[in-house]
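Data first, discussion second: the structure below is written as structure tokens.
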Amino acid sequence: MKEISYREAIREAMSEEMRRDDSVIMIGEDIGVYGGGFRVTEGMIEEFGSDRILETPISETAFTGAAIGAAVTGMRPIVEYMFSDFMGVCWDQIMNEAAKIHFVYNGALNVPMVIRAAAGAGTGAAAQHSQSLENMYCHVPGLKVVVPSTPYDAKGLMKTAVRDNDPVIFLEEKLLYDTVGEVPDEEYTIPFGKADIKREGKDISLITYGRMTGMCLEAAKKLEAVGYFAEVIDLRTLSPLDTDTIIESVSKTGRAIAVHEAVQFGGFGGEISSVIMESGAFYKLKAPVKRLGAAFCPIPSAPKLESNIFPSADRIYSVALELLKK
């Protein structure tokens with residue numbers, strides 16, 4: 001095992017896949033000489049050259065369309081958006097073309113492409129560069145949605161994404177890029193649709209993904225200090241979703257909180273809650289299922305305002321404590 005950053009884990013996964021398969025290419029703005037908006041692709045153009053690391057003009061619409069065409073004709077493009085918010089510029093191509101081609105051509109064509117995008121807040125980048133819009137992507141049949149929380153998960157899931165024959169939205173939360181964790185030296189992949197229990201517990205289930213996984217683990221430590229044991233489930237992929245792990249955990253603990261960085265109203269926590277309420281876990285509940293997400297407002301750039309609209313470890317702890325006393 002070695003310790004590398006989340007950023008390095010993603011770079012390592014892409015580089016290994018490009019060495020393994022000549023059909024894997026990269027497309028995006030500033031991904032070559034500059035090394036990517038968040039330095040994820042640093043050094044890759046030196047190894048793979050400008051024929052495979054394709055730098056583009058500032059036009060997400062143009063290079064997304066080019067990537068879809070390349071995928072349909074046998075390539076495996078990895079597209080990078082500097083910010084996931086920019087996906088709105090070319091949403092028609094993603095939603096109505098990339099996600100639908102396999103279906104409308106009766107399975108004769110595939111779109112094996114990965115769309116990487118820096119998501120989430122915490123950098124003071126304000127309303128148009130800080131959103132978490134994963135629920136919008138999950139609503140579209142044909143798209144797979146991945147949100148890793150650790151370097152280990154990021155590398156294993158990226159390799160799976162590159163090899164998948166469907167379009168994959170791969171969301172990289174900005175504040176995770178510098179986090180460090182253990183990653184095996186040997187080859188490995190992580191299957192889609194399989195959640196990871198980051199911490200086992202018996203009293204309450206904290207169901208989450210991405211940056212909020214760390215927040216839930218902090219809250220779980222605080223709960224343990226007062227005698228409660230929280231189970232922390234990191235979903236890792238939202239579509240496909242591992243409903244079995246959610247149901248099994250909540251059936252055991254009897255209490256659940258769905259936590260995400262995205263706006264709470266209309267967020268993925270609603271889907272998690274429905275999975276619980278529509279399953280046998282409902283009959284094991286000792287308290288109502290709770291959701292914790294961001295406030296329903298555009299994200300401010302001022303650090304104090306920005307930090308106050310998202311769930312924190314303290315807030316998760318407080319809500320969990322309320323549930324545990326019911």
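Following the order of the structure tokens, chains are lettered A, B, ..., residues in each are numbered from 1, and ligands are numbered from 1.
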_Would you pick out the contacts of Phe265 of chain A at 9 Å or less, using only C-alpha atoms, so that residues sharing its chain but fewer than 3 positions from it are not included, and give the list as a count of residues only?_
8
*Quick one: residues within 12 Å of segment 3-9 of chain A, only C-alpha atoms counted, chain neighbours fewer than 4 positions away excluded, as number ranges by chain?*
A: 13-16, 35-44, 118, 148-159, 172-185, 210-211
*Selection: 10 Å around segment 214-217 of chain A, only C-alpha atoms, excl. self and same-chain fewer than 6 positions, as a list of chain:residue names*: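 Close residues of segment 214-217 of chain A: A:Ser149, A:Thr150, A:Leu176, A:Lys198, A:Arg199, A:Ser205, A:Leu206, A:Ile207, A:Thr208, A:Leu223, A:Ala230, A:Glu231, A:Val232, A:Ile233, A:Asp234, A:Ile257, A:Val259, A:His260, A:Pro311, A:Ser312, A:Ala313, A:Asp314, A:Arg315, A:Ile316, A:Tyr317.
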*Identify, on the basis of only C-alpha atoms, every residue whose closest approach to Leu54 of chain A does not exceed 7 Å; exclude the query and any residue fewer than 3 positions from it along the same chain; express the result as a VMD selection string.*
chain A and resid 26 to 28 50 to 51
*asked:* Measuring between only C-alpha atoms, which one of A:Thr64, A:Asn106, A:Ser84, A:Ser251 shows the shortest distance to Gly280 of chain A?
replied: A:Ser251
*From a DSSP calculation on the backbone, collect every residue of segment 32-219 of chain A in helix (DSSP H, G or I) and output the set as a count of residues only.*
66
*When distances are computed from only C-alpha atoms, which of A:Ala256, A:Val250, A:Ala67, A:Met82 shows the smallest separation from Ala125 of chain A?*
A:Met82
*Distance query Ile101 of chain A at most 9 Å, only C-alpha atoms, self and fewer than 4 positions along chain excluded, as a list in words*: Val72, Asn96, Glu97, Tyr105, Asn106, Gly107, Ala108, Leu109, Asn110, Val111 and Gly142 of chain A
*Kindly give the distance, in Å, that separates atom CA of Ser23 of chain A and atom CA of Val140 of chain A, rounded to a single decimal.*
26.4 Å
*Pairwise distance for atom CA of Gly267 of chain A and atom CA of Gln93 of chain A, rounded to one decimal in Å*: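 Taking atom CA of Gly267 of chain A as the start and atom CA of Gln93 of chain A as the end point, the length is 23.1 Å.
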*Please measure the separation of atom CA of Ile94 of chain A and atom CA of Ser239 of chain A, giving the value in Å to one decimal.*
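Atom-to-atom, atom CA of Ile94 of chain A and atom CA of Ser239 of chain A are spaced 15.4 Å apart.
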_Close residues, Glu46 of chain A itself excluded, 10 Å, only C-alpha atoms, min 6 positions apart in chain, as a VMD selection string_ = chain A and resid 32 to 33 53
Go ahead and write the residues just picked, N, CA, C and O atoms, as a CSV table (one decimal), in the first residue's frame.
chain,number,residue,atom,x,y,z
A,32,GLY,N,-3.8,19.8,-20.8
A,32,GLY,CA,-2.5,19.4,-21.3
A,32,GLY,C,-1.3,20.2,-20.6
A,32,GLY,O,-0.9,19.8,-19.4
A,33,VAL,N,-0.8,21.2,-21.2
A,33,VAL,CA,0.3,21.9,-20.6
A,33,VAL,C,0.1,22.5,-19.2
A,33,VAL,O,0.9,22.4,-18.3
A,53,ILE,N,-4.2,13.6,-25.5
A,53,ILE,CA,-4.6,14.6,-24.5
A,53,ILE,C,-5.0,15.8,-25.3
A,53,ILE,O,-4.2,16.6,-25.7
*With only C-alpha atoms as the atoms that count, which of A:Pro288, A:Pro57, A:Pro298, A:Pro240 lies nearest to Ser132 of chain A?*
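Ranked by minimum distance to Ser132 of chain A, first place goes to A:Pro298.
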_DSSP strand (DSSP E or B) selection over segment 231-308 of chain A, as a PyMOL selection string_ = chain A and resi 231-234+237-239+256-263+290-294
